[in-house]
2 protein chains.
Amino acid sequence: MVASQVAAVLSNLQTLYSDHASVVSMNLFVALLCTSIVISHLLEENRWMNGSITALIIGLLTGVIILLASGGKSSRLLVFSQDLFFIYLLPPIIFNAGFSVKKKQFFRNFITIMLFGAVGTLISCTIISIGVIKFFKEMDIGSLDVGGFIGIFPYCPLPFQTGLIHVSASYYFLLLQFSAIGAIFAATDSVCTLQVLNQDETPLLYSLVFGEGVVNDATSVVLFNAIQSFDLTNTSPGIALHFIGKFFYLFSASTLLGVVVGLVSAYIIKTLYFGRHSTDREFALMMLMAYLSYIMAELFYLSGILTVFFCGIVMSHYTWHNVTESSRVTSKHAFATLSFVAEIFIFLYVGMDALGIETWSFVNDRPGASIMVSSVLLLLVMAGRAAFVFPLSFLTNLAKKSPSEKISFREQIIIWWSGLMRGAVSMALAYNQFTKGGHTQSRLDAIMITSTITVVLFSTVVFGLLTKPLIRFLIPHPKVTTSMRSGQSSPKSATTPFLGDSFDDSPKGGQRPSSIRALLTTPTHTVHHYWRKFDNAFMRPMFGGRGFVPFVPGSPTKRSEH
Amino acid sequence: MVASQVAAVLSNLQTLYSDHASVVSMNLFVALLCTSIVISHLLEENRWMNGSITALIIGLLTGVIILLASGGKSSRLLVFSQDLFFIYLLPPIIFNAGFSVKKKQFFRNFITIMLFGAVGTLISCTIISIGVIKFFKEMDIGSLDVGGFIGIFPYCPLPFQTGLIHVSASYYFLLLQFSAIGAIFAATDSVCTLQVLNQDETPLLYSLVFGEGVVNDATSVVLFNAIQSFDLTNTSPGIALHFIGKFFYLFSASTLLGVVVGLVSAYIIKTLYFGRHSTDREFALMMLMAYLSYIMAELFYLSGILTVFFCGIVMSHYTWHNVTESSRVTSKHAFATLSFVAEIFIFLYVGMDALGIETWSFVNDRPGASIMVSSVLLLLVMAGRAAFVFPLSFLTNLAKKSPSEKISFREQIIIWWSGLMRGAVSMALAYNQFTKGGHTQSRLDAIMITSTITVVLFSTVVFGLLTKPLIRFLIPHPKVTTSMRSGQSSPKSATTPFLGDSFDDSPKGGQRPSSIRALLTTPTHTVHHYWRKFDNAFMRPMFGGRGFVPFVPGSPTKRSEH
């Protein structure tokens with residue numbers, strides 16, 4: 001996916017000449033981004049709203065205005081491009097997710113997170129796929145518009161494409177096609193989750209839902225690519241095994257690549273001690289190497305999302321501690337800001353694109369179909385998520401000894417609910433699957449696009465708005481879980497001596513009293529414990545990290561910031 | 001120029017499909033960027049080298065390797081695009097120039113800087129144009145290859161284009177055509193200047209040369225656009241007046257737009273007090289509004305470079321003081337880093353592109369012509385610069401009363417020498433003028449491109465390498481000029497109480513003793529004095545700025561950073 005964008009940007013630049021309309025669009029879009037930021041700031045105190053919903057609604061309103069201004073001809077400022085999304089917008093979001101995640105929480109719950117993120121996504125995808133197959137068979141949408149299926153597989157081998165119309169009833173074809181739909185709707189929206197849950201109030205829930213969201217993002221994209229590149233002409237019984245093998249290969253290779261690039265960056269900066277000369281060089285190197293990990297993954301046909309996520313984790317664990325004070329502040333905030341702008345951009349766009357008149361006019365003659373499909377998809381999303389959250393929670397609870405570590409039923413409900421939102425990843429995958437050059441080719445394509453938009457809008461706005469009240473209802477006084485707090489070891493919440501609480505002016509702020517930190521001394525006999533031993537004995541001396549760079553003493557005075 | 005790129009990026013993304021070669025190029029390029037940063041860090045102590053030259057040489061070496069590896073077919077990883085340059089690379093560099101310039105120095109020498117930057121560039125452009133006309137007439141290159149001239153005016157009115165071959169000897173045509181060459185070679189390379197002069201050792205020289213460089217960048221581009229869009233069919237006597245009028249309109253309107261956008265950003269952030277909720281929002285808003293100023297200038301057909309430069313100055317004077325501590329550190333370093341990466345990118349590219357086999361093969365049969373043209377251009381560049389530096393210095397010296405404020409002859413030589421380097425702006429303008437879709441169309445185009453490359457390479461490497469020794473020779477013990485130091489008021493050198501000298505770990509560091517600050521109290525009876533009165537009485541209470549946001553007291557302890 002990277003390739004097409006790169007090629008487009010780099011070689012097609014000169015071919016098109018001045019188009020003032022594009023400059024106008026660009027201006028409007030940047031102005032809208034600013035407006036969204038200002039308005040979401042003004043609505044910060046509002047207990048219902050969050051940045052995503054604000055941007056979505058501003059996008060929708062702008063869409064309406066443009067629609068009216070253009071006399072019902074267009075509501076779009078920009079053509080949605082999954083390449084723009086996958087090259088520019090997604091990497092900073094996922095990298096910052098890894099960079100700012102509370103690593104201790106993440107790794108303590110690693111098995112649970114992987115179970116939820118990988119196995120859960122597979123379960124969810126399967127249930128949605130089966131549901132869609134059953135429903136489409138009953139609705140007769142599939143056989144009604146067989147021609148549209150061709151648009152679904154633009155990348156699949158030609159012999160299959162040409163034989164498509166004849167074998168449209170084929171079990172394998174439907175399986176694959178609806179698996180793609182399953183993968184699209186199994187992709188939860190971790191961006192929205194971030195804004196709804198509070199890392200300090202509900203650390204366990206946050207790390208579970210958010211960690212799951214990231215792994216889920218990666219799983220969906222890996223799954224989707226695996227389905228798209230799947231060779232249907234070869235349908236031997238070993239195919240499932242091959243599929244699983246490929247999936248695990250992608251998973252482990254991508255993770256490894258991210259870890260290696262992260263470690264290399266830590267090693268370079270530690271060895272050469274960059275800060276001696278320039279903070280800018282350190283930060284530039286961090287940024288470039290993070291991006292390099294992403295495009296290297298694309299180079300080796302791996303999952304860039306997973307790679308950049310683990311690169312972010314490694315960078316925050318080692319590299320971030322090797323740089324100067326100003327580089328730490330800069331990298332923490334600059335990465336967060338890039339991620340933040342990318343999020344607003346995505347939601348603004350999704351809102352604006354929702355009224356794309358072209359796709360809606362396609363389904364105009366059968367509005368019922370689109371509404372039906374959307375409702376069914378929403379129900380399937382809910383069912384698919386329920387089908388793995390509760391059983392898998394039960395399984396992980398079996399493995400935990402102390403009752404305080406177990407996931408209570410109320411928490412399970414919150415985990416289930418918080419992951420119902422669908423966002424930009426679903427949109428991007430749906431556009432990839434059902435459009436060609438930004439345009440839908442058939443009625444089925446149009447129905448799938450409008451349904452995806454409806455599901456994304458409905459789940460983000462309605463489910464999103466209800467999440468905060470739901471959490472307040474189920475957990476009236478947010479308990480501080482017994483799990484370790486990692487207040488000191490990640491860029492997210494680090495309070496370095498000199499910067500006081502200027503580090504905590506983020507919306508996720510609200511530092512707990514430090515009495516909890518006493519718990520840090522309690523030994524924990526888990527894999528994590530052995531990892532820390534290994535980390536301290538071998539990794540940190542080699543790659544730097546907290547405590548292995550000259551510590552700068554200073555007054556820990558808390559300053560008032562008004 | 002923005003328009004074409006935006007259009008290309010936004011609408012053509014979907015049309016091109018996966019091209020693995022592009023991903024390979026992209027990977028190599030990002031890896032080379034990292035390598036350049038590491039190597040230029042290692043060569044930091046070297047008194048001859050600087051980042052630009054390092055990147056240029058790495059680019060050249062890579063070009064040679066690719067040339068050998070591809071069997072002499074290609075040396076390019078990416079196709080040079082002046083749009084990529086004008087949209088992504090130039091804005092951060094120019095914005096950061098404005099953001100980090102020492103404003104007091106800049107405005108104290110404002111008239112001199114404007115004289116050098118605007119009038120000087122015009123003189124330089126005129127002299128180079130006249131020289132080129134004379135030389136080309138004698139060399140017979142112009143009449144030898146008249147067909148090539150068509151490629152030079154791709155944007156000029158059709159009636160003129162079609163009549164081109166017949167009127168090729170026309171005085172007006174040659175004047176305009178060679179004016180474009182003049183504008184191309186009148187564009188000094190402020191990026192390289194930044195790395196050669198030291199803001200703390202030679203503040204007057206730095207502010208003069210650098211300030212002039214920025215105004216010169218803007219002037220060249222404005223001039224070049226004015227020449228390109230010049231209507232030749234109308235050659236009335238009032239045309240020169242019209243030209244000057246247009247130039248001043250562009251200049252003042254662009255400046256005003258930048259100032260207004262900067263003030264709006266300051267006002268928004270001051271009024272809403274963004275930091276209360278999130279540092280990321282503040283920084284995001286600063287970044288987006290800075291970019292908005294640039295594309296708004298393009299929207300109104302103004303000079304984005306001037307706009308974004310003045311937006312940077314206003315933002316550093318007002319907005320920067322209204323944000324939280326962490327936003328200050330982040331914006332200072334993140335903007336500097338973006339600018340730094342863009343610079344390295346440009347030099348790496350210029351180095352790599354220098355061996356573009358296609359253009360060189362064009363001039364293969366007449367290698368003498370290219371060498372001749374390059375030498376003549378280099379001499380003209382030197383003569384053109386001498387023709388305004390010494391007379392204009394004489395003029396400004398006449399206006400100054402105290403001898404310490406006057407520009408000494410040795411300083412004049414340094415000013416003359418430091419502005420001889422030609423860089424990415426010249427390259428971008430030359431590509432804009434002499435190529436179509438990244439390819440040269442005729443031998444004359446090829447000669448002009450190869451000559452531009454030669455001039456850029458030679459001036460950057462040879463002149464660049466000699467600048468440091470020259471300054472050391474002419475000013476053995478860098479004097480601290482009597483002009484006011486502005487150590488406290490710009491992001492470049494601000495030492496906020498909490499951050500100690502972590503702000504000064506940049507290569508430009510080396511803070512002078514604060515005894516000079518006593519001079520700050522001396523009243524100066526200049527325009528600057530009245531401006532400060534106005535600023536304190538009206539502007540700062542309205543838009544914030546230093547002293548008008550809650551001051552945070554803290555220990556000014558100097559910390560050792562090792």
# chains A, B, ... in the order shown; residues from 1 in each chain; ligands from 1
>>> residues_around(residues="Ser393 of chain B", least_positions_apart="2", cutoff="10 Å", atoms="only C-alpha atoms", output="PyMOL selection string")
chain B and resi 112+115-116+388-391+395-398+406-409+411-412+415
>>> write_last_selection(atoms="N, CA and C atoms", output="compact mmCIF listing (two decimals), in the first residue's frame")
# COMPACT_ATOMS: atom_id res chain seq x y z
N THR B 112 18.65 47.74 6.71
CA THR B 112 19.81 47.17 6.01
C THR B 112 19.45 45.82 5.38
N LEU B 115 17.26 46.27 2.43
CA LEU B 115 18.07 46.85 1.36
C LEU B 115 18.87 45.74 0.68
N PHE B 116 19.56 44.96 1.50
CA PHE B 116 20.36 43.85 0.96
C PHE B 116 19.46 42.82 0.28
N PHE B 388 26.44 44.71 -5.02
CA PHE B 388 25.49 45.36 -4.10
C PHE B 388 25.98 45.37 -2.65
N VAL B 389 26.80 44.39 -2.26
CA VAL B 389 27.22 44.34 -0.86
C VAL B 389 28.04 45.58 -0.50
N PHE B 390 29.05 45.91 -1.33
CA PHE B 390 29.92 47.01 -0.96
C PHE B 390 29.23 48.38 -1.09
N PRO B 391 28.55 48.67 -2.21
CA PRO B 391 27.85 49.96 -2.28
C PRO B 391 26.76 50.12 -1.22
N LEU B 395 26.34 52.80 1.85
CA LEU B 395 25.14 53.61 2.07
C LEU B 395 24.65 53.50 3.51
N THR B 396 24.55 52.27 4.02
CA THR B 396 24.04 52.11 5.38
C THR B 396 25.02 52.69 6.39
N ASN B 397 26.32 52.59 6.10
CA ASN B 397 27.31 53.15 7.01
C ASN B 397 27.15 54.67 7.13
N LEU B 398 26.73 55.28 6.03
CA LEU B 398 26.52 56.72 6.05
C LEU B 398 25.45 57.11 7.05
N LYS B 406 28.81 50.64 12.46
CA LYS B 406 29.08 50.55 11.02
C LYS B 406 29.61 49.17 10.64
N ILE B 407 29.41 48.82 9.38
CA ILE B 407 29.88 47.54 8.90
C ILE B 407 31.31 47.74 8.39
N SER B 408 32.29 47.11 9.04
CA SER B 408 33.68 47.27 8.64
C SER B 408 33.93 46.58 7.30
N PHE B 409 35.06 46.92 6.70
CA PHE B 409 35.36 46.33 5.39
C PHE B 409 35.51 44.82 5.47
N GLU B 411 34.05 42.87 7.59
CA GLU B 411 32.70 42.30 7.71
C GLU B 411 32.00 42.29 6.36
N GLN B 412 32.26 43.34 5.58
CA GLN B 412 31.65 43.38 4.24
C GLN B 412 32.12 42.20 3.39
N ILE B 415 30.27 39.19 4.57
CA ILE B 415 28.90 39.23 4.07
C ILE B 415 28.86 38.83 2.60
>>> residues_around(residues="Thr62 of chain A", least_positions_apart="2", cutoff="12 Å", atoms="only C-alpha atoms", output="PDB file with N, CA, C and O atoms, in the first residue's frame")
ATOM      1  N   SER A  25      -9.578  23.700  -1.240  1.00  0.00           N
ATOM      2  CA  SER A  25      -9.921  22.560  -0.391  1.00  0.00           C
ATOM      3  C   SER A  25      -8.939  22.415   0.755  1.00  0.00           C
ATOM      4  O   SER A  25      -9.322  22.233   1.912  1.00  0.00           O
ATOM      5  N   LEU A  28      -9.443  25.048   3.359  1.00  0.00           N
ATOM      6  CA  LEU A  28     -10.634  24.764   4.146  1.00  0.00           C
ATOM      7  C   LEU A  28     -10.358  23.644   5.128  1.00  0.00           C
ATOM      8  O   LEU A  28     -10.736  23.711   6.297  1.00  0.00           O
ATOM      9  N   PHE A  29      -9.667  22.621   4.645  1.00  0.00           N
ATOM     10  CA  PHE A  29      -9.422  21.457   5.491  1.00  0.00           C
ATOM     11  C   PHE A  29      -8.537  21.807   6.674  1.00  0.00           C
ATOM     12  O   PHE A  29      -8.837  21.433   7.810  1.00  0.00           O
ATOM     13  N   ALA A  31      -8.124  24.746   7.932  1.00  0.00           N
ATOM     14  CA  ALA A  31      -8.907  25.644   8.788  1.00  0.00           C
ATOM     15  C   ALA A  31      -9.875  24.832   9.644  1.00  0.00           C
ATOM     16  O   ALA A  31     -10.057  25.107  10.834  1.00  0.00           O
ATOM     17  N   LEU A  32     -10.483  23.805   9.062  1.00  0.00           N
ATOM     18  CA  LEU A  32     -11.405  22.954   9.816  1.00  0.00           C
ATOM     19  C   LEU A  32     -10.680  22.195  10.912  1.00  0.00           C
ATOM     20  O   LEU A  32     -11.213  21.993  12.009  1.00  0.00           O
ATOM     21  N   LEU A  33      -9.457  21.753  10.612  1.00  0.00           N
ATOM     22  CA  LEU A  33      -8.659  21.071  11.635  1.00  0.00           C
ATOM     23  C   LEU A  33      -8.463  21.994  12.837  1.00  0.00           C
ATOM     24  O   LEU A  33      -8.659  21.590  13.986  1.00  0.00           O
ATOM     25  N   THR A  35     -10.318  24.570  13.654  1.00  0.00           N
ATOM     26  CA  THR A  35     -11.620  24.762  14.293  1.00  0.00           C
ATOM     27  C   THR A  35     -11.961  23.589  15.205  1.00  0.00           C
ATOM     28  O   THR A  35     -12.414  23.772  16.336  1.00  0.00           O
ATOM     29  N   SER A  36     -11.721  22.374  14.697  1.00  0.00           N
ATOM     30  CA  SER A  36     -12.020  21.187  15.498  1.00  0.00           C
ATOM     31  C   SER A  36     -11.246  21.209  16.801  1.00  0.00           C
ATOM     32  O   SER A  36     -11.786  20.878  17.864  1.00  0.00           O
ATOM     33  N   ALA A  55     -14.929  16.182  16.065  1.00  0.00           N
ATOM     34  CA  ALA A  55     -14.419  16.264  14.700  1.00  0.00           C
ATOM     35  C   ALA A  55     -15.392  15.634  13.713  1.00  0.00           C
ATOM     36  O   ALA A  55     -15.631  16.153  12.615  1.00  0.00           O
ATOM     37  N   LEU A  56     -15.975  14.500  14.112  1.00  0.00           N
ATOM     38  CA  LEU A  56     -16.936  13.794  13.267  1.00  0.00           C
ATOM     39  C   LEU A  56     -18.118  14.693  12.954  1.00  0.00           C
ATOM     40  O   LEU A  56     -18.562  14.812  11.802  1.00  0.00           O
ATOM     41  N   ILE A  57     -18.622  15.382  13.994  1.00  0.00           N
ATOM     42  CA  ILE A  57     -19.809  16.228  13.808  1.00  0.00           C
ATOM     43  C   ILE A  57     -19.469  17.462  12.979  1.00  0.00           C
ATOM     44  O   ILE A  57     -20.232  17.850  12.085  1.00  0.00           O
ATOM     45  N   ILE A  58     -18.290  18.056  13.240  1.00  0.00           N
ATOM     46  CA  ILE A  58     -17.872  19.200  12.416  1.00  0.00           C
ATOM     47  C   ILE A  58     -17.736  18.767  10.960  1.00  0.00           C
ATOM     48  O   ILE A  58     -18.170  19.469  10.047  1.00  0.00           O
ATOM     49  N   GLY A  59     -17.177  17.584  10.758  1.00  0.00           N
ATOM     50  CA  GLY A  59     -17.060  17.045   9.406  1.00  0.00           C
ATOM     51  C   GLY A  59     -18.420  16.894   8.758  1.00  0.00           C
ATOM     52  O   GLY A  59     -18.633  17.297   7.608  1.00  0.00           O
ATOM     53  N   LEU A  60     -19.370  16.330   9.502  1.00  0.00           N
ATOM     54  CA  LEU A  60     -20.731  16.134   8.991  1.00  0.00           C
ATOM     55  C   LEU A  60     -21.366  17.461   8.615  1.00  0.00           C
ATOM     56  O   LEU A  60     -21.931  17.611   7.531  1.00  0.00           O
ATOM     57  N   VAL A  64     -22.620  18.880   5.006  1.00  0.00           N
ATOM     58  CA  VAL A  64     -23.959  19.398   4.699  1.00  0.00           C
ATOM     59  C   VAL A  64     -23.851  20.752   4.013  1.00  0.00           C
ATOM     60  O   VAL A  64     -24.494  21.010   2.997  1.00  0.00           O
ATOM     61  N   ILE A  65     -22.996  21.628   4.571  1.00  0.00           N
ATOM     62  CA  ILE A  65     -22.842  22.975   3.997  1.00  0.00           C
ATOM     63  C   ILE A  65     -22.333  22.899   2.558  1.00  0.00           C
ATOM     64  O   ILE A  65     -22.874  23.547   1.653  1.00  0.00           O
ATOM     65  N   ILE A  66     -21.323  22.057   2.342  1.00  0.00           N
ATOM     66  CA  ILE A  66     -20.782  21.942   0.985  1.00  0.00           C
ATOM     67  C   ILE A  66     -21.827  21.368   0.039  1.00  0.00           C
ATOM     68  O   ILE A  66     -21.977  21.800  -1.098  1.00  0.00           O
ATOM     69  N   LEU A  67     -22.581  20.391   0.560  1.00  0.00           N
ATOM     70  CA  LEU A  67     -23.643  19.770  -0.237  1.00  0.00           C
ATOM     71  C   LEU A  67     -24.659  20.813  -0.671  1.00  0.00           C
ATOM     72  O   LEU A  67     -25.072  20.869  -1.832  1.00  0.00           O
ATOM     73  N   LEU A  68     -25.052  21.674   0.272  1.00  0.00           N
ATOM     74  CA  LEU A  68     -26.021  22.721  -0.037  1.00  0.00           C
ATOM     75  C   LEU A  68     -25.415  23.758  -0.970  1.00  0.00           C
ATOM     76  O   LEU A  68     -26.041  24.187  -1.929  1.00  0.00           O
ATOM     77  N   ALA A  69     -24.175  24.145  -0.688  1.00  0.00           N
ATOM     78  CA  ALA A  69     -23.509  25.176  -1.483  1.00  0.00           C
ATOM     79  C   ALA A  69     -23.294  24.717  -2.923  1.00  0.00           C
ATOM     80  O   ALA A  69     -23.415  25.495  -3.865  1.00  0.00           O
ATOM     81  N   SER A  70     -22.986  23.428  -3.080  1.00  0.00           N
ATOM     82  CA  SER A  70     -22.717  22.933  -4.427  1.00  0.00           C
ATOM     83  C   SER A  70     -24.001  22.468  -5.105  1.00  0.00           C
ATOM     84  O   SER A  70     -23.958  21.861  -6.175  1.00  0.00           O
ATOM     85  N   SER A  74     -21.822  17.694  -4.539  1.00  0.00           N
ATOM     86  CA  SER A  74     -20.698  17.060  -3.868  1.00  0.00           C
ATOM     87  C   SER A  74     -20.628  17.494  -2.412  1.00  0.00           C
ATOM     88  O   SER A  74     -21.012  18.599  -2.051  1.00  0.00           O
ATOM     89  N   SER A  75     -20.146  16.624  -1.552  1.00  0.00           N
ATOM     90  CA  SER A  75     -19.950  16.995  -0.158  1.00  0.00           C
ATOM     91  C   SER A  75     -18.497  16.807   0.238  1.00  0.00           C
ATOM     92  O   SER A  75     -18.129  16.915   1.388  1.00  0.00           O
ATOM     93  N   ARG A  76     -17.674  16.504  -0.738  1.00  0.00           N
ATOM     94  CA  ARG A  76     -16.297  16.152  -0.422  1.00  0.00           C
ATOM     95  C   ARG A  76     -15.326  17.286  -0.684  1.00  0.00           C
ATOM     96  O   ARG A  76     -15.423  17.972  -1.684  1.00  0.00           O
ATOM     97  N   LEU A  77     -14.399  17.454   0.232  1.00  0.00           N
ATOM     98  CA  LEU A  77     -13.298  18.379  -0.005  1.00  0.00           C
ATOM     99  C   LEU A  77     -12.132  17.599  -0.601  1.00  0.00           C
ATOM    100  O   LEU A  77     -11.424  18.065  -1.464  1.00  0.00           O
ATOM    101  N   LEU A 348     -12.544  13.999  11.063  1.00  0.00           N
ATOM    102  CA  LEU A 348     -13.070  15.094  10.265  1.00  0.00           C
ATOM    103  C   LEU A 348     -13.409  14.571   8.873  1.00  0.00           C
ATOM    104  O   LEU A 348     -14.472  14.830   8.321  1.00  0.00           O
ATOM    105  N   TYR A 349     -12.475  13.791   8.328  1.00  0.00           N
ATOM    106  CA  TYR A 349     -12.693  13.289   6.998  1.00  0.00           C
ATOM    107  C   TYR A 349     -13.846  12.318   6.935  1.00  0.00           C
ATOM    108  O   TYR A 349     -14.694  12.393   6.033  1.00  0.00           O
ATOM    109  N   VAL A 350     -13.883  11.391   7.904  1.00  0.00           N
ATOM    110  CA  VAL A 350     -14.958  10.390   7.906  1.00  0.00           C
ATOM    111  C   VAL A 350     -16.301  11.097   7.976  1.00  0.00           C
ATOM    112  O   VAL A 350     -17.236  10.755   7.251  1.00  0.00           O
ATOM    113  N   GLY A 351     -16.393  12.126   8.841  1.00  0.00           N
ATOM    114  CA  GLY A 351     -17.634  12.877   8.941  1.00  0.00           C
ATOM    115  C   GLY A 351     -18.006  13.543   7.628  1.00  0.00           C
ATOM    116  O   GLY A 351     -19.158  13.494   7.186  1.00  0.00           O
ATOM    117  N   MET A 352     -17.002  14.121   6.982  1.00  0.00           N
ATOM    118  CA  MET A 352     -17.241  14.850   5.746  1.00  0.00           C
ATOM    119  C   MET A 352     -17.602  13.909   4.604  1.00  0.00           C
ATOM    120  O   MET A 352     -18.392  14.229   3.737  1.00  0.00           O
ATOM    121  N   ASP A 353     -16.994  12.736   4.653  1.00  0.00           N
ATOM    122  CA  ASP A 353     -17.190  11.786   3.575  1.00  0.00           C
ATOM    123  C   ASP A 353     -18.517  11.053   3.685  1.00  0.00           C
ATOM    124  O   ASP A 353     -19.003  10.480   2.716  1.00  0.00           O
ATOM    125  N   ALA A 354     -19.104  11.099   4.883  1.00  0.00           N
ATOM    126  CA  ALA A 354     -20.309  10.303   5.126  1.00  0.00           C
ATOM    127  C   ALA A 354     -21.430  10.687   4.171  1.00  0.00           C
ATOM    128  O   ALA A 354     -22.314   9.873   3.879  1.00  0.00           O
ATOM    129  N   LEU A 355     -21.397  11.927   3.686  1.00  0.00           N
ATOM    130  CA  LEU A 355     -22.489  12.372   2.816  1.00  0.00           C
ATOM    131  C   LEU A 355     -22.143  12.249   1.335  1.00  0.00           C
ATOM    132  O   LEU A 355     -22.822  12.824   0.507  1.00  0.00           O
ATOM    133  N   GLY A 356     -21.061  11.542   1.032  1.00  0.00           N
ATOM    134  CA  GLY A 356     -20.666  11.369  -0.369  1.00  0.00           C
ATOM    135  C   GLY A 356     -21.880  11.007  -1.217  1.00  0.00           C
ATOM    136  O   GLY A 356     -22.369   9.889  -1.167  1.00  0.00           O
TER     137      GLY A 356
END
>>> closest_residue(among="A:Thr54, A:Ser459, A:Ser418, A:Ser265", to="chain B", atoms="only C-alpha atoms")
A:Ser265
>>> closest_residue(among="A:Phe473, A:Tyr301, A:Phe394, A:Phe224", to="chain B", atoms="only C-alpha atoms")
A:Tyr301
>>> residues_around(residues="Gly131 of chain A", least_positions_apart="5", cutoff="12 Å", atoms="only C-alpha atoms", output="PyMOL selection string")
chain A and resi 124-126+136-139+175+178-179+181-182+185+373+376-384
>>> write_last_selection(atoms="C-alpha atoms", output="CSV table (one decimal), in the first residue's frame")
chain,number,residue,atom,x,y,z
A,124,SER,CA,-15.3,-11.8,16.0
A,125,CYS,CA,-14.3,-11.9,12.3
A,126,THR,CA,-15.6,-15.5,12.0
A,136,PHE,CA,-27.0,-12.1,2.6
A,137,LYS,CA,-28.3,-15.5,1.5
A,138,GLU,CA,-31.7,-14.8,3.0
A,139,MET,CA,-31.8,-11.2,1.7
A,175,LEU,CA,-16.2,-17.6,2.4
A,178,PHE,CA,-17.5,-12.4,3.5
A,179,SER,CA,-14.3,-13.0,5.5
A,181,ILE,CA,-16.3,-8.1,5.5
A,182,GLY,CA,-15.6,-9.8,8.8
A,185,PHE,CA,-15.9,-5.0,11.0
A,373,VAL,CA,-27.4,-4.2,6.2
A,376,VAL,CA,-27.4,-6.4,10.9
A,377,LEU,CA,-23.7,-5.4,10.8
A,378,LEU,CA,-24.1,-3.5,14.1
A,379,LEU,CA,-25.8,-6.4,15.7
A,380,LEU,CA,-23.1,-8.8,14.4
A,381,VAL,CA,-20.4,-6.5,15.7
A,382,MET,CA,-22.0,-6.6,19.2
A,383,ALA,CA,-22.6,-10.3,19.0
A,384,GLY,CA,-19.1,-11.0,17.7
>>> closest_residue(among="B:Thr255, B:Thr435, B:Gln105, B:Thr188", to="chain A", atoms="only C-alpha atoms")
B:Thr435
>>> residues_around(residues="Leu429 of chain B", least_positions_apart="5", cutoff="10 Å", atoms="only C-alpha atoms", output="ChimeraX atom specification")
/B:82,180-181,183-185,187,220-221,224-225,424,434-435,452
>>> atom_distance(atom1="atom CA of Tyr273 of chain B", atom2="atom CA of Thr307 of chain B")
25.4 Å
>>> select_by_dssp(residues="segment 321-461 of chain B", states="alpha helix (DSSP H)", output="ChimeraX atom specification")
/B:321-322,325-353,357-362,367-399,409-418,424-434,443-458
>>> closest_residue(among="A:Thr337, A:Ser375, A:Ser40, A:Ser303", to="Phe458 of chain A", atoms="only C-alpha atoms")
A:Ser375
